[in-house]
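Listing of my_file_38.txt; format and content: compact mmCIF, C-alpha atoms.
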```txt
# COMPACT_ATOMS: atom_id res chain seq x y z
CA MET A 176 -103.87 181.16 -13.88
CA LYS A 177 -104.96 177.56 -13.49
CA GLN A 178 -108.33 178.29 -15.01
CA ALA A 179 -106.81 180.07 -17.97
CA LEU A 180 -104.35 177.28 -18.60
CA SER A 181 -106.88 174.49 -18.26
CA GLN A 182 -108.95 175.97 -21.08
CA PRO A 183 -106.53 176.42 -23.96
CA LEU A 184 -107.38 179.00 -26.57
CA PRO A 185 -107.96 177.71 -30.07
CA GLN A 186 -104.92 178.22 -32.28
CA ALA A 187 -103.94 177.73 -35.86
CA GLY A 188 -103.75 174.01 -36.36
CA GLY A 189 -106.39 173.44 -33.70
CA LYS A 190 -104.46 170.73 -31.88
CA PRO A 191 -105.52 170.25 -28.24
CA LYS A 192 -102.81 171.33 -25.78
CA ASP A 193 -102.55 167.89 -24.23
CA ALA A 194 -102.23 166.06 -27.52
CA PRO A 195 -98.80 164.56 -28.24
CA LEU A 196 -96.98 166.23 -31.13
CA THR A 197 -95.57 163.02 -32.42
CA ARG A 198 -96.80 159.55 -31.66
CA ALA A 199 -94.00 157.56 -30.09
CA THR A 200 -94.07 153.86 -30.88
CA VAL A 201 -92.86 152.99 -27.37
CA PRO A 202 -93.94 155.31 -24.57
CA MET A 203 -90.83 156.59 -22.84
CA PRO A 204 -90.73 158.00 -19.30
CA ALA A 205 -89.79 161.66 -18.93
CA ASP A 206 -86.02 162.09 -18.80
CA TRP A 207 -84.85 164.56 -16.14
CA ARG A 208 -82.56 166.19 -18.71
CA ASP A 209 -85.56 167.00 -20.87
CA LEU A 210 -87.36 168.42 -17.84
CA LEU A 211 -84.29 170.54 -17.14
CA ALA A 212 -84.24 171.69 -20.77
CA LEU A 213 -87.85 172.87 -20.33
CA THR A 214 -86.64 175.45 -17.82
CA LYS A 215 -84.47 177.19 -20.49
CA PRO A 216 -81.26 177.07 -18.42
CA ARG A 217 -79.44 179.65 -20.55
CA VAL A 218 -82.20 182.23 -20.16
CA MET A 219 -82.41 181.32 -16.50
CA SER A 220 -78.73 182.17 -16.00
CA LEU A 221 -79.45 185.81 -16.91
CA VAL A 222 -82.53 185.82 -14.68
CA ILE A 223 -80.52 184.42 -11.74
CA PHE A 224 -77.71 186.89 -12.34
CA THR A 225 -79.92 189.99 -12.46
CA GLY A 226 -81.92 188.75 -9.45
CA LEU A 227 -78.70 188.18 -7.52
CA CYS A 228 -77.42 191.62 -8.48
CA GLY A 229 -80.67 193.23 -7.25
CA LEU A 230 -80.29 191.36 -3.98
CA ILE A 231 -76.62 192.29 -3.51
CA ALA A 232 -77.08 195.91 -4.60
CA ALA A 233 -79.86 196.44 -2.05
CA PRO A 234 -78.85 198.53 0.97
CA GLU A 235 -79.87 195.84 3.47
CA ARG A 236 -78.48 192.37 4.04
CA ILE A 237 -80.38 189.19 4.73
CA HIS A 238 -79.18 185.85 6.07
CA PRO A 239 -77.17 184.01 3.38
CA VAL A 240 -79.51 181.01 3.56
CA LEU A 241 -82.50 183.27 2.92
CA ALA A 242 -80.63 185.03 0.12
CA PHE A 243 -79.88 181.64 -1.46
CA THR A 244 -83.54 180.65 -1.05
CA ALA A 245 -84.68 183.88 -2.71
CA ILE A 246 -82.45 183.26 -5.74
CA LEU A 247 -83.53 179.61 -5.86
CA CYS A 248 -87.18 180.73 -5.88
CA ILE A 249 -86.52 183.24 -8.67
CA ALA A 250 -84.83 180.46 -10.67
CA MET A 251 -87.67 177.99 -10.00
CA GLY A 252 -90.29 180.58 -10.94
CA ALA A 253 -88.46 181.44 -14.16
CA GLY A 254 -87.99 177.75 -14.97
CA GLY A 255 -91.63 176.95 -14.29
CA ALA A 256 -92.82 179.84 -16.42
CA ALA A 257 -90.48 178.72 -19.22
CA ALA A 258 -91.94 175.19 -19.02
CA LEU A 259 -95.48 176.59 -19.27
CA ASN A 260 -94.36 178.73 -22.21
CA GLN A 261 -93.06 175.64 -24.03
CA TRP A 262 -96.17 173.64 -23.17
CA TRP A 263 -98.35 176.34 -24.72
CA GLU A 264 -96.13 176.99 -27.74
CA ALA A 265 -95.16 173.41 -28.59
CA ASP A 266 -96.93 173.60 -31.97
CA LEU A 267 -95.19 176.87 -32.84
CA ASP A 268 -91.80 175.59 -31.62
CA ALA A 269 -92.14 172.60 -33.93
CA GLY A 270 -92.41 174.94 -36.89
CA MET A 271 -89.35 177.06 -36.10
CA LYS A 272 -85.79 175.96 -36.82
CA ARG A 273 -84.46 177.65 -33.65
CA THR A 274 -86.86 175.76 -31.35
CA ALA A 275 -87.69 172.56 -33.23
CA LYS A 276 -85.21 170.49 -31.20
CA ARG A 277 -86.80 171.27 -27.86
CA PRO A 278 -88.16 168.24 -25.93
CA LEU A 279 -91.86 168.83 -26.75
CA PRO A 280 -91.54 169.35 -30.52
CA GLN A 281 -89.27 166.30 -30.61
CA GLY A 282 -91.94 164.23 -28.84
CA ARG A 283 -89.60 163.29 -26.01
CA LEU A 284 -92.04 164.53 -23.37
CA GLU A 285 -95.81 164.40 -22.92
CA ARG A 286 -97.33 167.87 -23.09
CA THR A 287 -99.23 167.32 -19.85
CA THR A 288 -95.94 166.45 -18.14
CA ALA A 289 -94.50 169.81 -19.21
CA ARG A 290 -97.63 171.63 -18.02
CA ASP A 291 -97.69 169.88 -14.64
CA PHE A 292 -93.95 170.31 -14.16
CA GLY A 293 -94.25 174.03 -14.88
CA MET A 294 -97.19 174.52 -12.53
CA VAL A 295 -95.54 172.64 -9.68
CA LEU A 296 -92.34 174.66 -10.07
CA CYS A 297 -94.23 177.97 -10.17
CA ALA A 298 -96.42 177.17 -7.17
CA ALA A 299 -93.46 175.84 -5.15
CA SER A 300 -91.35 178.92 -5.94
CA VAL A 301 -94.06 181.36 -4.79
CA PHE A 302 -94.90 179.51 -1.56
CA LEU A 303 -91.26 178.89 -0.64
CA MET A 304 -90.47 182.57 -1.27
CA GLY A 305 -93.45 183.62 0.83
CA PHE A 306 -92.74 181.40 3.81
CA ALA A 307 -88.95 181.76 3.82
CA VAL A 308 -88.27 185.29 2.56
CA GLY A 309 -91.38 187.44 2.50
CA TRP A 310 -94.82 187.68 0.95
CA LEU A 311 -94.16 190.93 -0.92
CA ALA A 312 -91.30 189.28 -2.83
CA ALA A 313 -93.53 186.21 -3.32
CA ALA A 314 -96.35 188.36 -4.68
CA ILE A 315 -94.04 190.06 -7.19
CA LEU A 316 -92.67 186.66 -8.19
CA ALA A 317 -96.25 185.41 -8.75
CA VAL A 318 -97.04 188.49 -10.83
CA SER A 319 -93.91 187.93 -12.94
CA ILE A 320 -94.89 184.30 -13.58
CA VAL A 321 -98.43 185.24 -14.62
CA TYR A 322 -97.02 188.11 -16.67
CA TYR A 323 -94.76 185.76 -18.66
CA ALA A 324 -96.87 182.60 -18.87
CA VAL A 325 -100.28 184.19 -19.39
CA ILE A 326 -100.06 187.86 -20.40
CA TYR A 327 -97.04 187.45 -22.69
CA THR A 328 -97.17 183.84 -23.92
CA ILE A 329 -100.90 183.26 -24.22
CA TRP A 330 -102.32 186.74 -24.72
CA LEU A 331 -99.86 189.19 -26.29
CA LYS A 332 -97.36 187.16 -28.28
CA PRO A 333 -99.81 185.77 -30.86
CA ARG A 334 -101.76 189.04 -31.10
CA THR A 335 -99.59 192.14 -31.30
CA PRO A 336 -96.19 193.19 -32.66
CA GLN A 337 -95.77 195.10 -29.38
CA ASN A 338 -95.62 191.70 -27.62
CA ILE A 339 -91.95 192.10 -26.80
CA VAL A 340 -92.34 195.64 -25.46
CA ILE A 341 -95.03 194.76 -22.92
CA GLY A 342 -93.85 191.20 -22.40
CA GLY A 343 -90.36 192.52 -21.68
CA GLY A 344 -91.68 193.39 -18.26
CA ALA A 345 -91.57 189.71 -17.36
CA GLY A 346 -87.79 189.59 -17.73
CA ALA A 347 -87.44 192.86 -15.83
CA PHE A 348 -88.81 191.51 -12.56
CA PRO A 349 -85.80 189.51 -11.17
CA PRO A 350 -83.71 192.48 -9.87
CA LEU A 351 -86.88 193.96 -8.36
CA ILE A 352 -87.65 190.64 -6.64
CA GLY A 353 -84.05 190.33 -5.43
CA TRP A 354 -84.13 193.85 -4.04
CA VAL A 355 -87.50 193.36 -2.32
CA ALA A 356 -86.32 190.02 -0.91
CA ALA A 357 -83.44 191.87 0.79
CA THR A 358 -85.27 194.99 1.95
CA GLY A 359 -88.95 194.00 2.10
CA ASP A 360 -89.73 197.32 0.42
CA ILE A 361 -90.12 198.82 -3.06
CA THR A 362 -88.17 202.04 -3.60
CA LEU A 363 -87.21 204.07 -6.68
CA MET A 364 -83.91 202.24 -7.24
CA PRO A 365 -85.34 198.73 -7.96
CA VAL A 366 -88.01 200.33 -10.14
CA VAL A 367 -85.24 201.95 -12.20
CA LEU A 368 -83.49 198.56 -12.50
CA PHE A 369 -86.81 197.15 -13.71
CA ALA A 370 -87.08 199.98 -16.25
CA ILE A 371 -83.55 199.37 -17.56
CA ILE A 372 -84.32 195.74 -18.45
CA PHE A 373 -87.74 196.78 -19.77
CA PHE A 374 -86.17 199.22 -22.24
CA TRP A 375 -83.30 196.84 -23.04
CA THR A 376 -85.65 194.02 -24.08
CA PRO A 377 -87.07 195.42 -27.38
CA PRO A 378 -83.70 196.10 -29.07
CA HIS A 379 -82.40 192.76 -27.77
CA PHE A 380 -85.32 190.72 -29.13
CA TRP A 381 -85.89 192.71 -32.29
CA ALA A 382 -82.23 192.29 -33.24
CA LEU A 383 -82.86 188.53 -32.98
CA ALA A 384 -86.21 188.84 -34.77
CA LEU A 385 -84.54 190.58 -37.70
CA PHE A 386 -82.36 187.61 -38.50
CA VAL A 387 -84.91 184.87 -37.71
CA LYS A 388 -87.80 186.80 -39.29
CA SER A 389 -88.74 184.01 -41.65
CA ASP A 390 -89.14 181.59 -38.73
CA TYR A 391 -91.62 183.87 -36.97
CA ALA A 392 -93.47 184.58 -40.22
CA LYS A 393 -93.78 180.84 -40.92
CA VAL A 394 -95.59 180.13 -37.65
CA GLY A 395 -97.68 183.32 -37.72
CA ILE A 396 -96.18 185.14 -34.74
CA PRO A 397 -96.68 188.88 -35.34
CA MET A 398 -93.15 189.98 -34.46
CA MET A 399 -92.34 193.58 -35.33
CA PRO A 400 -90.23 192.84 -38.46
CA VAL A 401 -92.98 190.56 -39.80
CA VAL A 402 -95.84 193.02 -39.26
CA ALA A 403 -94.33 196.51 -39.44
CA GLY A 404 -91.41 195.65 -41.67
CA GLU A 405 -87.66 195.80 -41.20
CA LYS A 406 -87.32 199.55 -41.58
CA ALA A 407 -89.77 200.37 -38.78
CA THR A 408 -88.16 197.73 -36.55
CA ARG A 409 -84.69 199.19 -37.11
CA ARG A 410 -85.92 202.69 -36.23
CA GLN A 411 -87.55 201.40 -33.04
CA ILE A 412 -84.40 199.52 -32.02
CA LEU A 413 -82.54 202.82 -32.30
CA ALA A 414 -85.27 204.71 -30.39
CA TYR A 415 -85.12 202.29 -27.45
CA ALA A 416 -81.31 202.39 -27.41
CA ILE A 417 -81.44 206.20 -27.25
CA LEU A 418 -83.82 205.99 -24.28
CA LEU A 419 -81.68 203.34 -22.60
CA LEU A 420 -78.54 205.51 -22.51
CA PRO A 421 -79.81 208.15 -20.04
CA LEU A 422 -81.95 205.61 -18.21
CA SER A 423 -78.97 203.38 -17.47
CA VAL A 424 -77.18 206.20 -15.60
CA VAL A 425 -80.24 207.16 -13.53
CA PRO A 426 -79.18 204.84 -10.63
CA TRP A 427 -76.00 206.94 -10.31
CA TRP A 428 -77.87 210.22 -10.89
CA ILE A 429 -80.36 209.56 -8.06
CA GLY A 430 -77.51 208.59 -5.72
CA GLY A 431 -78.35 204.89 -5.66
CA THR A 432 -74.86 203.93 -6.88
CA GLY A 433 -71.39 205.42 -7.06
CA ALA A 434 -69.25 206.63 -9.94
CA VAL A 435 -68.01 203.12 -10.82
CA TYR A 436 -71.49 202.13 -11.92
CA GLY A 437 -72.18 205.55 -13.49
CA ALA A 438 -69.06 205.46 -15.65
CA SER A 439 -69.56 201.80 -16.59
CA ALA A 440 -73.18 202.42 -17.55
CA ALA A 441 -72.25 205.42 -19.68
CA VAL A 442 -69.56 203.49 -21.58
CA LEU A 443 -71.60 200.28 -22.00
CA SER A 444 -74.74 202.15 -23.09
CA THR A 445 -72.84 204.34 -25.53
CA LEU A 446 -71.48 201.22 -27.20
CA PHE A 447 -74.99 199.73 -27.16
CA LEU A 448 -76.27 202.87 -28.84
CA ALA A 449 -73.48 202.78 -31.43
CA LEU A 450 -74.29 199.16 -32.37
CA SER A 451 -78.02 199.96 -32.40
CA ALA A 452 -77.40 202.96 -34.64
CA ARG A 453 -75.55 200.70 -37.08
CA VAL A 454 -78.62 198.45 -37.19
CA GLY A 455 -81.13 201.31 -37.08
CA LEU A 456 -79.64 203.33 -39.90
CA ARG A 457 -78.92 200.55 -42.39
CA GLU A 458 -81.19 198.78 -44.80
CA SER A 459 -81.28 195.09 -45.52
CA GLU A 460 -79.44 194.01 -48.65
CA GLY A 461 -82.07 191.42 -49.48
CA PRO A 462 -82.07 187.63 -49.01
CA GLU A 463 -78.27 187.51 -49.33
CA ASP A 464 -77.84 189.81 -46.31
CA ARG A 465 -76.03 187.91 -43.55
CA MET A 466 -77.34 190.36 -40.93
CA LYS A 467 -73.95 190.72 -39.27
CA PRO A 468 -74.69 194.04 -37.46
CA GLU A 469 -77.94 192.57 -36.11
CA LYS A 470 -76.16 189.45 -34.85
CA GLN A 471 -73.48 191.60 -33.25
CA LEU A 472 -76.09 193.75 -31.53
CA PHE A 473 -77.90 190.68 -30.23
CA ALA A 474 -74.67 189.16 -28.88
CA TYR A 475 -73.56 192.45 -27.34
CA SER A 476 -76.99 193.06 -25.76
CA VAL A 477 -76.54 189.92 -23.62
CA ILE A 478 -73.01 190.97 -22.62
CA TYR A 479 -74.31 194.48 -21.95
CA LEU A 480 -76.87 193.38 -19.40
CA PHE A 481 -74.42 191.07 -17.62
CA ALA A 482 -71.78 193.82 -17.52
CA LEU A 483 -74.20 196.54 -16.41
CA PHE A 484 -75.49 194.53 -13.47
CA ALA A 485 -71.97 193.31 -12.63
CA ALA A 486 -70.96 196.99 -12.45
CA LEU A 487 -73.83 197.55 -10.03
CA VAL A 488 -72.45 194.87 -7.71
CA VAL A 489 -68.82 195.97 -8.07
CA ASP A 490 -69.90 199.51 -7.28
CA ARG A 491 -71.59 198.32 -4.09
CA PHE A 492 -68.40 196.60 -2.90
CA VAL A 493 -66.20 199.54 -3.92
CA ALA A 494 -68.54 201.85 -2.01
CA ILE A 495 -68.15 199.66 1.09
CA MET B 256 -78.55 171.93 -23.71
CA ASP B 257 -77.29 169.00 -25.63
CA ASP B 258 -80.02 166.96 -27.16
CA PRO B 259 -80.09 163.60 -25.36
CA ASP B 260 -81.00 160.67 -27.60
CA PRO B 261 -83.66 158.67 -25.71
CA ASN B 262 -83.27 155.71 -28.05
CA ARG B 263 -79.85 155.05 -26.60
CA ARG B 264 -81.23 154.65 -23.08
CA THR B 265 -83.80 152.13 -21.95
CA PRO B 266 -86.95 153.25 -20.10
CA GLU B 267 -85.57 151.61 -16.99
CA GLU B 268 -82.36 153.64 -17.17
CA ILE B 269 -84.29 156.86 -17.73
CA ARG B 270 -86.64 156.08 -14.83
CA LYS B 271 -83.76 155.17 -12.54
CA SER B 272 -81.78 158.35 -13.25
CA ARG B 273 -84.92 160.47 -12.83
CA ASN B 274 -85.63 158.85 -9.47
CA VAL B 275 -82.08 159.56 -8.32
CA VAL B 276 -82.44 163.23 -9.32
CA LEU B 277 -85.82 163.42 -7.58
CA ALA B 278 -84.44 161.84 -4.40
CA VAL B 279 -81.45 164.18 -4.33
CA SER B 280 -83.74 167.18 -4.94
CA LEU B 281 -86.10 166.17 -2.12
CA GLY B 282 -83.15 165.58 0.22
CA ALA B 283 -81.74 169.00 -0.66
CA PHE B 284 -85.16 170.57 -0.08
CA VAL B 285 -85.42 169.04 3.41
CA ILE B 286 -81.93 170.30 4.28
CA LEU B 287 -82.81 173.75 2.90
CA VAL B 288 -85.99 173.90 5.00
CA PHE B 289 -83.93 172.94 8.05
CA PHE B 290 -81.45 175.77 7.44
CA ILE B 291 -84.27 178.23 6.65
CA SER B 292 -85.80 177.39 10.04
CA ILE B 293 -82.46 178.04 11.76
CA ALA B 294 -82.02 181.32 9.85
CA LYS B 295 -85.55 182.51 10.66
CA MET B 296 -85.08 181.73 14.35
CA GLY B 297 -81.80 183.62 14.42
```
Please express the file's structure as structure tokens.
Amino acid sequence: MKQALSQPLPQAGGKPKDAPLTRATVPMPADWRDLLALTKPRVMSLVIFTGLCGLIAAPERIHPVLAFTAILCIAMGAGGAAALNQWWEADLDAGMKRTAKRPLPQGRLERTTARDFGMVLCAASVFLMGFAVGWLAAAILAVSIVYYAVIYTIWLKPRTPQNIVIGGGAGAFPPLIGWVAATGDITLMPVVLFAIIFFWTPPHFWALALFVKSDYAKVGIPMMPVVAGEKATRRQILAYAILLLPLSVVPWWIGGTGAVYGASAAVLSTLFLALSARVGLRESEGPEDRMKPEKQLFAYSVIYLFALFAALVVDRFVAI
Amino acid sequence: MDDPDPNRRTPEEIRKSRNVVLAVSLGAFVILVFFISIAKMG
């Protein structure tokens, strides 16, 4: 990864990756709050939660200190990968309303500081996971970091409208890592949890992409609505939601969970499908369209994942 | 995250608060390693 990151690919605009975005009149030291912002704390909360749920739902228990360390490593890895993502995409972030206030586009941090911070966090998370918890969990954590920072951010995102589909795998790793941290083994159940987040990601991101389409178009990111158009995106949101419904109840079907999870998954996924159908079967009303169904789907998709994994944990305790 | 305004804080203040955070983080890391060692031995 180091080699790939030390030789940035040429991009539109052609600015070197270590060049400051704005020239500050007085050089300011890096503020720890800006470094924290680089880790995308809100995204990290979902990563920590799903990782914790994977760890708790696993059939084996590990020492609480090691469990805490595993979650800390997942959080550090996610934070480091997010910092590397922002280092690489600082030019693009500056051009999008949603991301323009991040520390790098605002010129509050040196780009090299963000890169170094991200690399240190990633390396520390993998080695701490390996030494404290296990090298299989550490290896999967390393793969997830490379997947997000290199395969998704550098390779896929600027090249294909399927970026979210394949890149969604990066966000699907935390429950798998949590599970492997607890058991030291990969079984069908954590793979199914991985698949649930993998199939949840496209409708989640494309709902967002539909109402910030102009932002992505402006900076040349080939998101599905920009390249394939709104209609195709809406159909694909619906297709993934249809797949997600049966997939979400597979953990119950294969005997990995009890009825509490099964019933919760069925209800939550049916509602997800209903909201997706509303988005999938409608057509935009033009520039005046406020995209309310899309915003509702995006908001619900976050609640959905929290609730689904919470049900997994509740089910485990009810089963005990 | 709220957007902190760096112009309202001097470089010295920023450096000082960052050093405090770094010191606390390193202290926490040492304590964590200690407890990991205990847990691994158990």
One number please: atom CA of Val394 of chain A to atom CA of Asp266 of chain A, in Å, one decimal.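 That distance, rounded to one decimal, is 8.8 Å.
Residues in contact with Ser272 of chain B at 8 Å, where all atoms listed in the file are counted and same-chain residues fewer than 3 positions away are skipped, are listed as A:Asp206, A:Trp207, B:Glu268, B:Ile269, B:Val275, B:Val276.
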If I take atom CA of Trp310 of chain A and atom CA of Val222 of chain A, how far is one from the other in Å, to one decimal?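 Answer for the atom CA of Trp310 of chain A to atom CA of Val222 of chain A separation: 20.0 Å.
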Show which residues sit within 9 Å of Ala257 of chain A, as a VMD selection string. Count only C-alpha atoms, and ignore same-chain residues fewer than 2 positions away. chain A and resid 213 to 215 219 252 to 255 259 to 262 293 323 to 324
Please, which residues of chain B lie no more than 7 Å from chain A when the count uses all atoms listed in the file, and can they be set out as a PyMOL selection string? chain B and resi 256+266+269-270+273+290-291+294
